file model.cif (mmCIF, C-alpha atoms (C1' of nucleotides))
data_work
loop_
_atom_site.label_atom_id
_atom_site.label_comp_id
_atom_site.auth_asym_id
_atom_site.auth_seq_id
_atom_site.Cartn_x
_atom_site.Cartn_y
_atom_site.Cartn_z
CA MET A 84 13.30 40.24 123.34
CA GLY A 85 9.67 39.45 123.92
CA ALA A 86 7.68 41.73 121.67
CA SER A 87 5.62 40.09 119.00
CA LYS A 88 7.19 40.36 115.56
CA SER A 89 4.20 41.94 113.89
CA ASP A 90 6.36 43.26 111.03
CA HIS A 91 6.84 39.74 109.74
CA PHE A 92 3.17 39.05 109.30
CA SER A 93 0.62 40.32 106.83
CA GLU A 94 -1.59 43.30 107.52
CA GLU A 95 -4.61 41.02 107.58
CA GLN A 96 -3.01 38.70 110.09
CA ASN A 97 -2.13 41.61 112.34
CA GLU A 98 -5.56 43.14 112.01
CA LEU A 99 -7.32 39.91 112.86
CA SER A 100 -5.10 39.14 115.83
CA THR A 101 -5.67 42.65 117.18
CA LEU A 102 -9.40 42.08 116.98
CA PHE A 103 -9.23 38.74 118.75
CA LYS A 104 -6.79 40.05 121.30
CA ALA A 105 -9.25 42.76 122.27
CA LEU A 106 -11.78 40.03 123.01
CA GLY A 107 -9.22 38.06 124.97
CA HIS A 108 -10.08 39.25 128.45
CA PRO A 109 -13.03 38.17 130.62
CA ALA A 110 -13.81 41.74 131.64
CA ARG A 111 -14.11 42.80 128.02
CA ILE A 112 -16.36 39.85 127.20
CA ALA A 113 -18.47 40.82 130.19
CA ILE A 114 -18.66 44.41 128.97
CA ILE A 115 -19.86 43.26 125.56
CA GLN A 116 -22.48 41.01 127.13
CA HIS A 117 -23.61 43.92 129.28
CA ILE A 118 -24.03 46.10 126.21
CA LEU A 119 -26.09 43.40 124.51
CA GLU A 120 -28.29 42.95 127.56
CA THR A 121 -28.89 46.53 128.58
CA LYS A 122 -28.69 47.98 125.08
CA SER A 123 -26.35 50.65 126.32
CA CYS A 124 -23.15 50.98 128.23
CA ILE A 125 -22.23 53.64 130.72
CA CYS A 126 -18.86 53.41 132.39
CA GLY A 127 -20.30 54.08 135.85
CA ASP A 128 -22.73 51.18 135.56
CA LEU A 129 -19.89 48.81 134.83
CA VAL A 130 -17.90 50.09 137.79
CA GLU A 131 -20.84 49.18 140.03
CA LYS A 132 -21.45 45.85 138.33
CA PHE A 133 -17.88 44.56 138.17
CA PRO A 134 -15.24 44.31 140.88
CA LEU A 135 -12.88 46.59 138.99
CA SER A 136 -11.92 50.18 139.53
CA GLN A 137 -13.18 53.00 137.34
CA ALA A 138 -9.70 53.45 135.88
CA THR A 139 -9.54 49.79 134.88
CA ILE A 140 -13.00 49.79 133.33
CA SER A 141 -12.14 52.90 131.38
CA GLN A 142 -8.99 51.22 130.09
CA HIS A 143 -10.91 48.16 128.92
CA LEU A 144 -13.45 50.38 127.17
CA LYS A 145 -10.59 52.20 125.50
CA GLU A 146 -9.18 48.94 124.16
CA LEU A 147 -12.52 47.79 122.82
CA LYS A 148 -12.98 51.17 121.24
CA HIS A 149 -9.50 51.10 119.73
CA ALA A 150 -10.26 47.73 118.16
CA ASN A 151 -13.46 49.21 116.73
CA ILE A 152 -15.56 46.71 118.61
CA ILE A 153 -17.50 49.41 120.38
CA GLN A 154 -18.20 53.02 119.53
CA GLY A 155 -19.23 55.79 121.90
CA THR A 156 -21.42 58.84 121.89
CA ILE A 157 -21.73 61.51 124.53
CA GLU A 158 -24.98 61.42 126.48
CA GLY A 159 -25.34 64.17 129.00
CA ASN A 160 -22.18 64.04 131.00
CA SER A 161 -21.70 60.34 130.60
CA ILE A 162 -20.71 58.37 127.53
CA CYS A 163 -22.76 55.64 125.94
CA TYR A 164 -20.95 52.88 124.14
CA CYS A 165 -22.53 50.53 121.62
CA LEU A 166 -21.27 47.64 119.54
CA ASN A 167 -20.03 48.25 116.03
CA PRO A 168 -22.06 46.01 113.69
CA GLN A 169 -19.41 46.21 110.95
CA THR A 170 -16.76 44.71 113.18
CA LEU A 171 -19.08 41.96 114.31
CA GLU A 172 -19.86 41.18 110.70
CA LYS A 173 -16.19 41.03 109.89
CA LEU A 174 -15.58 38.61 112.74
CA ASN A 175 -18.46 36.53 111.48
CA GLN A 176 -16.97 36.38 108.01
CA VAL A 177 -13.57 35.33 109.32
CA ILE A 178 -14.96 32.48 111.38
CA ASN A 179 -17.18 31.37 108.52
CA HIS A 180 -14.19 31.39 106.20
CA PHE A 181 -12.34 29.19 108.67
CA ILE A 182 -15.26 26.77 108.85
CA ASP A 183 -15.76 26.69 105.08
CA SER A 184 -12.09 26.01 104.46
CA GLU A 185 -12.22 23.28 107.05
CA LYS A 186 -15.12 21.58 105.33
CA CYS A 187 -13.34 21.66 101.98
CA LYS A 188 -10.61 19.45 103.29
CA GLU A 189 -10.59 16.09 101.59
CA THR A 190 -7.81 14.54 103.55
CA GLN A 191 -8.22 14.66 107.27
CA CYS A 192 -5.13 13.78 109.26
CA CYS A 193 -6.77 14.06 112.68
CA MET B 195 -0.97 43.69 140.84
CA GLY B 196 -1.52 43.09 137.15
CA ALA B 197 -2.99 39.65 136.76
CA SER B 198 -6.47 39.43 135.34
CA LYS B 199 -9.11 38.78 137.98
CA SER B 200 -10.59 35.72 136.32
CA ASP B 201 -12.19 34.60 139.59
CA HIS B 202 -14.63 37.47 139.40
CA PHE B 203 -16.05 36.51 136.04
CA SER B 204 -18.27 33.65 134.95
CA GLU B 205 -16.92 30.40 133.62
CA GLU B 206 -18.36 31.21 130.21
CA GLN B 207 -16.68 34.59 130.14
CA ASN B 208 -13.34 33.08 131.06
CA GLU B 209 -13.74 30.30 128.55
CA LEU B 210 -14.56 32.65 125.72
CA SER B 211 -11.77 35.08 126.51
CA THR B 212 -9.30 32.20 126.63
CA LEU B 213 -10.42 31.16 123.18
CA PHE B 214 -10.12 34.65 121.73
CA LYS B 215 -6.81 35.23 123.48
CA ALA B 216 -5.36 32.18 121.77
CA LEU B 217 -6.29 33.77 118.44
CA GLY B 218 -4.81 37.10 119.50
CA HIS B 219 -1.38 36.77 117.93
CA PRO B 220 -0.45 37.17 114.27
CA ALA B 221 1.72 34.05 114.28
CA ARG B 222 -1.15 31.95 115.52
CA ILE B 223 -3.51 33.40 112.92
CA ALA B 224 -0.86 32.61 110.31
CA ILE B 225 -0.57 29.05 111.58
CA ILE B 226 -4.33 28.56 111.30
CA GLN B 227 -4.33 29.95 107.78
CA HIS B 228 -1.47 27.62 106.90
CA ILE B 229 -3.45 24.64 108.17
CA LEU B 230 -6.46 25.67 106.09
CA GLU B 231 -4.32 26.09 102.98
CA THR B 232 -2.12 23.04 103.15
CA LYS B 233 -4.65 20.82 104.91
CA SER B 234 -2.03 19.78 107.39
CA CYS B 235 0.43 21.32 109.70
CA ILE B 236 3.91 20.12 110.53
CA CYS B 237 5.99 22.16 112.93
CA GLY B 238 9.07 22.02 110.74
CA ASP B 239 7.19 23.47 107.77
CA LEU B 240 6.18 26.47 109.85
CA VAL B 241 9.73 26.99 111.04
CA GLU B 242 10.79 27.28 107.39
CA LYS B 243 7.84 29.44 106.43
CA PHE B 244 7.92 31.93 109.30
CA PRO B 245 10.79 33.98 110.70
CA LEU B 246 10.45 32.38 114.10
CA SER B 247 12.53 29.76 115.84
CA GLN B 248 11.44 26.18 116.27
CA ALA B 249 10.99 26.75 119.99
CA THR B 250 8.68 29.70 119.40
CA ILE B 251 6.59 27.88 116.80
CA SER B 252 6.25 24.93 119.14
CA GLN B 253 5.04 27.25 121.89
CA HIS B 254 2.40 28.81 119.66
CA LEU B 255 1.21 25.36 118.61
CA LYS B 256 1.00 24.40 122.26
CA GLU B 257 -1.19 27.38 123.02
CA LEU B 258 -3.52 26.69 120.12
CA LYS B 259 -3.70 23.08 121.22
CA HIS B 260 -4.39 24.05 124.81
CA ALA B 261 -7.29 26.24 123.65
CA ASN B 262 -8.63 23.27 121.68
CA ILE B 263 -8.34 25.18 118.43
CA ILE B 264 -6.07 22.59 116.92
CA GLN B 265 -5.53 18.92 117.64
CA GLY B 266 -2.54 16.79 116.77
CA THR B 267 -1.80 13.26 115.72
CA ILE B 268 1.53 11.53 115.42
CA GLU B 269 2.69 10.88 111.86
CA GLY B 270 5.97 9.12 111.61
CA ASN B 271 8.29 11.16 113.75
CA SER B 272 6.55 14.40 113.07
CA ILE B 273 3.23 15.60 114.40
CA CYS B 274 0.34 16.73 112.23
CA TYR B 275 -1.99 19.34 113.60
CA CYS B 276 -5.49 20.01 112.33
CA LEU B 277 -8.25 22.39 113.29
CA ASN B 278 -10.91 21.32 115.74
CA PRO B 279 -14.29 21.77 114.02
CA GLN B 280 -16.17 21.83 117.33
CA THR B 281 -14.23 24.83 118.56
CA LEU B 282 -14.77 26.65 115.28
CA GLU B 283 -18.49 25.95 115.55
CA LYS B 284 -18.53 27.29 119.07
CA LEU B 285 -16.83 30.48 117.96
CA ASN B 286 -19.35 30.79 115.17
CA GLN B 287 -22.23 30.49 117.60
CA VAL B 288 -20.77 33.11 119.92
CA ILE B 289 -20.34 35.65 117.15
CA ASN B 290 -23.79 34.91 115.78
CA HIS B 291 -25.25 35.39 119.21
CA PHE B 292 -23.54 38.77 119.41
CA ILE B 293 -24.91 39.77 116.03
CA ASP B 294 -28.43 38.53 116.79
CA SER B 295 -28.52 40.39 120.07
CA GLU B 296 -27.30 43.48 118.31
CA LYS B 297 -30.10 43.28 115.75
CA CYS B 298 -32.71 42.92 118.48
CA LYS B 299 -31.88 46.33 119.82
CA GLU B 300 -34.72 48.75 119.37
CA THR B 301 -33.01 51.81 120.73
CA GLN B 302 -29.69 52.61 119.16
CA CYS B 303 -27.64 55.19 120.99
CA CYS B 304 -24.75 55.28 118.52
"C1'" DA C 223 -18.21 81.06 138.90
"C1'" DA C 224 -18.19 77.19 142.05
"C1'" DA C 225 -19.51 72.67 143.19
"C1'" DT C 226 -20.70 68.20 141.48
"C1'" DA C 227 -20.65 64.17 138.55
"C1'" DT C 228 -18.64 61.30 135.06
"C1'" DT C 229 -15.00 59.64 132.23
"C1'" DA C 230 -9.96 59.80 130.75
"C1'" DT C 231 -5.12 59.78 131.65
"C1'" DC C 232 -0.75 59.29 134.31
"C1'" DG C 233 2.44 56.88 137.15
"C1'" DT C 234 3.60 52.75 139.23
"C1'" DA C 235 3.79 47.81 140.65
"C1'" DA C 236 2.69 43.08 139.67
"C1'" DT C 237 1.94 39.56 136.43
"C1'" DA C 238 1.83 37.62 131.67
"C1'" DT C 239 3.53 36.97 127.12
"C1'" DT C 240 7.00 36.62 123.57
"C1'" DG C 241 11.14 34.84 121.67
"C1'" DC C 242 15.30 32.30 121.52
"C1'" DA C 243 19.37 29.30 122.70
"C1'" DA C 244 20.20 25.22 124.86
"C1'" DT C 245 18.69 20.95 126.19
"C1'" DA C 246 15.51 17.10 126.60
"C1'" DT C 247 12.39 13.82 124.65
"C1'" DA C 248 10.46 10.67 121.20
"C1'" DG C 249 10.43 8.23 117.06
"C1'" DT C 250 13.09 6.25 112.89
"C1'" DA C 251 16.77 4.09 110.63
"C1'" DA C 252 21.29 2.08 110.31
"C1'" DT D 82 22.75 0.32 120.40
"C1'" DT D 83 24.01 4.39 117.86
"C1'" DA D 84 23.05 8.09 114.87
"C1'" DC D 85 19.61 10.93 113.00
"C1'" DT D 86 15.37 13.71 112.70
"C1'" DA D 87 11.52 16.20 114.62
"C1'" DT D 88 9.05 18.21 118.36
"C1'" DA D 89 8.81 19.68 123.34
"C1'" DT D 90 10.58 21.85 127.41
"C1'" DT D 91 13.55 24.80 130.23
"C1'" DG D 92 15.67 29.08 131.56
"C1'" DC D 93 16.28 33.66 130.74
"C1'" DA D 94 15.73 38.57 129.02
"C1'" DA D 95 12.74 41.91 126.93
"C1'" DT D 96 8.28 43.66 126.26
"C1'" DA D 97 3.21 43.89 127.10
"C1'" DT D 98 -0.83 43.73 129.91
"C1'" DT D 99 -3.49 44.35 134.04
"C1'" DA D 100 -4.93 46.94 137.89
"C1'" DC D 101 -5.31 50.83 140.87
"C1'" DG D 102 -4.74 55.41 143.23
"C1'" DA D 103 -4.22 60.02 142.12
"C1'" DT D 104 -5.16 63.50 139.12
"C1'" DA D 105 -6.88 65.76 134.96
"C1'" DA D 106 -10.46 66.86 131.74
"C1'" DT D 107 -15.29 67.69 130.48
"C1'" DA D 108 -20.06 68.51 131.13
"C1'" DT D 109 -23.93 69.62 134.27
"C1'" DT D 110 -26.06 71.91 137.97
"C1'" DT D 111 -26.55 75.34 141.48
#
call {"tool": "encode", "arguments": {"input": "model.cif", "output": "structure tokens"}}
result
Amino acid sequence: MGASKSDHFSEEQNELSTLFKALGHPARIAIIQHILETKSCICGDLVEKFPLSQATISQHLKELKHANIIQGTIEGNSICYCLNPQTLEKLNQVINHFIDSEKCKETQCC
Amino acid sequence: MGASKSDHFSEEQNELSTLFKALGHPARIAIIQHILETKSCICGDLVEKFPLSQATISQHLKELKHANIIQGTIEGNSICYCLNPQTLEKLNQVINHFIDSEKCKETQCC
DNA sequence: AAATATTATCGTAATATTGCAATATAGTAA
DNA sequence: TTACTATATTGCAATATTACGATAATATTT
């Protein structure tokens, strides 16, 4: 085999892992940082900025879009992608929940 | 080809993507949740709890450990894993930075 | 309409990940 | 030491991801 057994895990667990997985590539982190810096994101700009082909950039954008991390609107004949605040907020809540649960631990074994 | 071109991205970008990648599997999310619930984590318990073999669980634990998300200490002849608060805090900062940068945007295109 | 510009998709090859059985390793107990 | 228990590693097969060239789709301009 080799495929991940997503059927055996909860919907929440699958949803979260999909979100993190989308962030699990340096190019996609770089794309997000670019969006935050330039306040916009046009595919062509990324192709010039990064040493990746247009097809590859487009694929990474597609994955980020699929995970609802970015959202796009048409602007002339190019497409402008922006971050999705709701998804960021969700990520924030998850991490905070992890940290809170950690702090509640009375017995540390490590 | 097919490998990710990590050489072309910054150390920070690679570091972050490695961290997120480690969280990008439902089993590993489930393991983290188990640690938060039971306040400890013994490999054998996970093998009973999840429909995965001992070898597979051990591999997932290894990946989480390698990403510094969990840390282990020997306890009798089993090993107890706990979360690494520093890594959680780092994740928290990254997400917060994303959100802050998002809020600073004057011109929204989406 | 035709030419141009920009992004998306397809097909393919290389690499990475996932999962498990089998085996190895490390600690405990007799 | 031997037997037992728990975790780690190895080797392999199946699936997923990454990357790119070629091509398609869509919008703009002439």
call {"tool": "interface_residues", "arguments": {"input": "model.cif", "of": "chain A", "to": "chain B", "cutoff": "6 Å", "atoms": "only C-alpha atoms", "output": "ChimeraX atom specification"}}
result
/A:96-97,100,103-104,106-109,119,156,184,193
call {"tool": "residues_around", "arguments": {"input": "model.cif", "residues": "D:DC101", "least_positions_apart": "5", "cutoff": "9 Å", "atoms": "all atoms listed in the file", "output": "list in words"}}
result
Leu135, Ser136, Gln137, Ala138 and Thr139 of chain A; Met195 of chain B
call {"tool": "resolve_selection", "arguments": {"input": "model.cif", "expression": "the PyMOL selection byres ((chain C) within 8 of (chain B))", "output": "list of chain:residue names"}}
result
C:DA235, C:DA236, C:DT237, C:DA238, C:DG241, C:DC242, C:DA248, C:DG249, C:DT250
call {"tool": "calpha_fit_and_write", "arguments": {"input": "model.cif", "fixed": "chain A", "moving": "chain B", "output": "PDB file with C-alpha atoms, keeping the file's coordinate frame"}}
result
ATOM      1  CA  MET B 195      13.303  40.184 123.348  1.00  0.00           C
ATOM      2  CA  GLY B 196       9.648  39.392 123.888  1.00  0.00           C
ATOM      3  CA  ALA B 197       7.645  41.687 121.681  1.00  0.00           C
ATOM      4  CA  SER B 198       5.598  40.083 118.960  1.00  0.00           C
ATOM      5  CA  LYS B 199       7.186  40.391 115.533  1.00  0.00           C
ATOM      6  CA  SER B 200       4.193  41.974 113.846  1.00  0.00           C
ATOM      7  CA  ASP B 201       6.366  43.288 111.007  1.00  0.00           C
ATOM      8  CA  HIS B 202       6.850  39.773 109.727  1.00  0.00           C
ATOM      9  CA  PHE B 203       3.176  39.049 109.271  1.00  0.00           C
ATOM     10  CA  SER B 204       0.628  40.336 106.793  1.00  0.00           C
ATOM     11  CA  GLU B 205      -1.586  43.299 107.481  1.00  0.00           C
ATOM     12  CA  GLU B 206      -4.607  41.013 107.546  1.00  0.00           C
ATOM     13  CA  GLN B 207      -2.999  38.717 110.075  1.00  0.00           C
ATOM     14  CA  ASN B 208      -2.113  41.621 112.324  1.00  0.00           C
ATOM     15  CA  GLU B 209      -5.543  43.135 111.968  1.00  0.00           C
ATOM     16  CA  LEU B 210      -7.312  39.927 112.854  1.00  0.00           C
ATOM     17  CA  SER B 211      -5.090  39.150 115.816  1.00  0.00           C
ATOM     18  CA  THR B 212      -5.636  42.665 117.143  1.00  0.00           C
ATOM     19  CA  LEU B 213      -9.362  42.102 116.963  1.00  0.00           C
ATOM     20  CA  PHE B 214      -9.221  38.755 118.738  1.00  0.00           C
ATOM     21  CA  LYS B 215      -6.768  40.077 121.305  1.00  0.00           C
ATOM     22  CA  ALA B 216      -9.223  42.793 122.267  1.00  0.00           C
ATOM     23  CA  LEU B 217     -11.763  40.054 122.994  1.00  0.00           C
ATOM     24  CA  GLY B 218      -9.201  38.058 124.958  1.00  0.00           C
ATOM     25  CA  HIS B 219     -10.062  39.232 128.453  1.00  0.00           C
ATOM     26  CA  PRO B 220     -13.002  38.164 130.607  1.00  0.00           C
ATOM     27  CA  ALA B 221     -13.800  41.736 131.630  1.00  0.00           C
ATOM     28  CA  ARG B 222     -14.087  42.797 128.027  1.00  0.00           C
ATOM     29  CA  ILE B 223     -16.310  39.833 127.191  1.00  0.00           C
ATOM     30  CA  ALA B 224     -18.440  40.790 130.192  1.00  0.00           C
ATOM     31  CA  ILE B 225     -18.654  44.377 128.984  1.00  0.00           C
ATOM     32  CA  ILE B 226     -19.842  43.236 125.558  1.00  0.00           C
ATOM     33  CA  GLN B 227     -22.448  40.981 127.123  1.00  0.00           C
ATOM     34  CA  HIS B 228     -23.595  43.875 129.290  1.00  0.00           C
ATOM     35  CA  ILE B 229     -24.028  46.061 126.217  1.00  0.00           C
ATOM     36  CA  LEU B 230     -26.080  43.360 124.502  1.00  0.00           C
ATOM     37  CA  GLU B 231     -28.279  42.915 127.567  1.00  0.00           C
ATOM     38  CA  THR B 232     -28.900  46.486 128.585  1.00  0.00           C
ATOM     39  CA  LYS B 233     -28.701  47.941 125.082  1.00  0.00           C
ATOM     40  CA  SER B 234     -26.372  50.616 126.312  1.00  0.00           C
ATOM     41  CA  CYS B 235     -23.204  50.934 128.217  1.00  0.00           C
ATOM     42  CA  ILE B 236     -22.248  53.597 130.713  1.00  0.00           C
ATOM     43  CA  CYS B 237     -18.877  53.358 132.394  1.00  0.00           C
ATOM     44  CA  GLY B 238     -20.288  54.044 135.835  1.00  0.00           C
ATOM     45  CA  ASP B 239     -22.748  51.159 135.551  1.00  0.00           C
ATOM     46  CA  LEU B 240     -19.894  48.770 134.847  1.00  0.00           C
ATOM     47  CA  VAL B 241     -17.920  50.073 137.796  1.00  0.00           C
ATOM     48  CA  GLU B 242     -20.869  49.154 140.030  1.00  0.00           C
ATOM     49  CA  LYS B 243     -21.457  45.827 138.336  1.00  0.00           C
ATOM     50  CA  PHE B 244     -17.881  44.546 138.201  1.00  0.00           C
ATOM     51  CA  PRO B 245     -15.247  44.312 140.922  1.00  0.00           C
ATOM     52  CA  LEU B 246     -12.899  46.579 139.030  1.00  0.00           C
ATOM     53  CA  SER B 247     -11.966  50.195 139.552  1.00  0.00           C
ATOM     54  CA  GLN B 248     -13.213  53.006 137.376  1.00  0.00           C
ATOM     55  CA  ALA B 249      -9.741  53.438 135.920  1.00  0.00           C
ATOM     56  CA  THR B 250      -9.558  49.786 134.911  1.00  0.00           C
ATOM     57  CA  ILE B 251     -13.023  49.771 133.352  1.00  0.00           C
ATOM     58  CA  SER B 252     -12.160  52.897 131.408  1.00  0.00           C
ATOM     59  CA  GLN B 253      -9.014  51.219 130.105  1.00  0.00           C
ATOM     60  CA  HIS B 254     -10.917  48.159 128.928  1.00  0.00           C
ATOM     61  CA  LEU B 255     -13.460  50.377 127.186  1.00  0.00           C
ATOM     62  CA  LYS B 256     -10.609  52.213 125.517  1.00  0.00           C
ATOM     63  CA  GLU B 257      -9.180  48.983 124.182  1.00  0.00           C
ATOM     64  CA  LEU B 258     -12.514  47.802 122.839  1.00  0.00           C
ATOM     65  CA  LYS B 259     -12.993  51.197 121.251  1.00  0.00           C
ATOM     66  CA  HIS B 260      -9.526  51.148 119.740  1.00  0.00           C
ATOM     67  CA  ALA B 261     -10.271  47.754 118.165  1.00  0.00           C
ATOM     68  CA  ASN B 262     -13.479  49.223 116.732  1.00  0.00           C
ATOM     69  CA  ILE B 263     -15.580  46.711 118.622  1.00  0.00           C
ATOM     70  CA  ILE B 264     -17.511  49.410 120.390  1.00  0.00           C
ATOM     71  CA  GLN B 265     -18.212  53.028 119.555  1.00  0.00           C
ATOM     72  CA  GLY B 266     -19.246  55.801 121.895  1.00  0.00           C
ATOM     73  CA  THR B 267     -21.439  58.850 121.861  1.00  0.00           C
ATOM     74  CA  ILE B 268     -21.736  61.580 124.437  1.00  0.00           C
ATOM     75  CA  GLU B 269     -24.956  61.545 126.454  1.00  0.00           C
ATOM     76  CA  GLY B 270     -25.230  64.295 128.960  1.00  0.00           C
ATOM     77  CA  ASN B 271     -22.045  64.073 130.942  1.00  0.00           C
ATOM     78  CA  SER B 272     -21.715  60.367 130.560  1.00  0.00           C
ATOM     79  CA  ILE B 273     -20.703  58.409 127.499  1.00  0.00           C
ATOM     80  CA  CYS B 274     -22.772  55.641 125.951  1.00  0.00           C
ATOM     81  CA  TYR B 275     -20.970  52.859 124.181  1.00  0.00           C
ATOM     82  CA  CYS B 276     -22.534  50.518 121.655  1.00  0.00           C
ATOM     83  CA  LEU B 277     -21.276  47.645 119.566  1.00  0.00           C
ATOM     84  CA  ASN B 278     -20.028  48.253 116.059  1.00  0.00           C
ATOM     85  CA  PRO B 279     -22.060  46.017 113.723  1.00  0.00           C
ATOM     86  CA  GLN B 280     -19.440  46.206 110.968  1.00  0.00           C
ATOM     87  CA  THR B 281     -16.765  44.729 113.191  1.00  0.00           C
ATOM     88  CA  LEU B 282     -19.092  41.959 114.320  1.00  0.00           C
ATOM     89  CA  GLU B 283     -19.862  41.180 110.686  1.00  0.00           C
ATOM     90  CA  LYS B 284     -16.183  41.045 109.891  1.00  0.00           C
ATOM     91  CA  LEU B 285     -15.579  38.612 112.723  1.00  0.00           C
ATOM     92  CA  ASN B 286     -18.456  36.519 111.468  1.00  0.00           C
ATOM     93  CA  GLN B 287     -16.964  36.365 107.998  1.00  0.00           C
ATOM     94  CA  VAL B 288     -13.558  35.353 109.320  1.00  0.00           C
ATOM     95  CA  ILE B 289     -14.951  32.491 111.365  1.00  0.00           C
ATOM     96  CA  ASN B 290     -17.154  31.366 108.500  1.00  0.00           C
ATOM     97  CA  HIS B 291     -14.176  31.392 106.206  1.00  0.00           C
ATOM     98  CA  PHE B 292     -12.320  29.187 108.673  1.00  0.00           C
ATOM     99  CA  ILE B 293     -15.226  26.773 108.848  1.00  0.00           C
ATOM    100  CA  ASP B 294     -15.731  26.687 105.074  1.00  0.00           C
ATOM    101  CA  SER B 295     -12.070  26.009 104.466  1.00  0.00           C
ATOM    102  CA  GLU B 296     -12.184  23.281 107.050  1.00  0.00           C
ATOM    103  CA  LYS B 297     -15.112  21.589 105.318  1.00  0.00           C
ATOM    104  CA  CYS B 298     -13.322  21.684 101.974  1.00  0.00           C
ATOM    105  CA  LYS B 299     -10.606  19.444 103.286  1.00  0.00           C
ATOM    106  CA  GLU B 300     -10.611  16.086 101.600  1.00  0.00           C
ATOM    107  CA  THR B 301      -7.842  14.504 103.591  1.00  0.00           C
ATOM    108  CA  GLN B 302      -8.277  14.652 107.322  1.00  0.00           C
ATOM    109  CA  CYS B 303      -5.209  13.762 109.323  1.00  0.00           C
ATOM    110  CA  CYS B 304      -6.818  14.090 112.753  1.00  0.00           C
TER     111      CYS B 304
END
call {"tool": "resolve_selection", "arguments": {"input": "model.cif", "expression": "the PyMOL selection byres ((chain D) within 9 of (chain A))", "output": "list in words"}}
result
DA94, DA95, DT96, DA97, DT99, DA100, DC101, DT107, DA108 and DT109 of chain D
call {"tool": "closest_atom_pairs", "arguments": {"input": "model.cif", "of": "stretch 83-105 of chain D", "to": "stretch 224-233 of chain C", "cutoff": "10 Å", "atoms": "only C-alpha atoms (C1' of nucleotides)", "output": "tab-separated table"}}
result
residue	atom	partner	partner_atom	distance
D:DG102	C1'	C:DG233	C1'	9.5
D:DA103	C1'	C:DC232	C1'	8.6
D:DT104	C1'	C:DC232	C1'	7.8
D:DA105	C1'	C:DT231	C1'	7.1
call {"tool": "atom_distance", "arguments": {"input": "model.cif", "atom1": "atom C1' of C:DA251", "atom2": "atom C1' of D:DA87"}}
result
13.8 Å
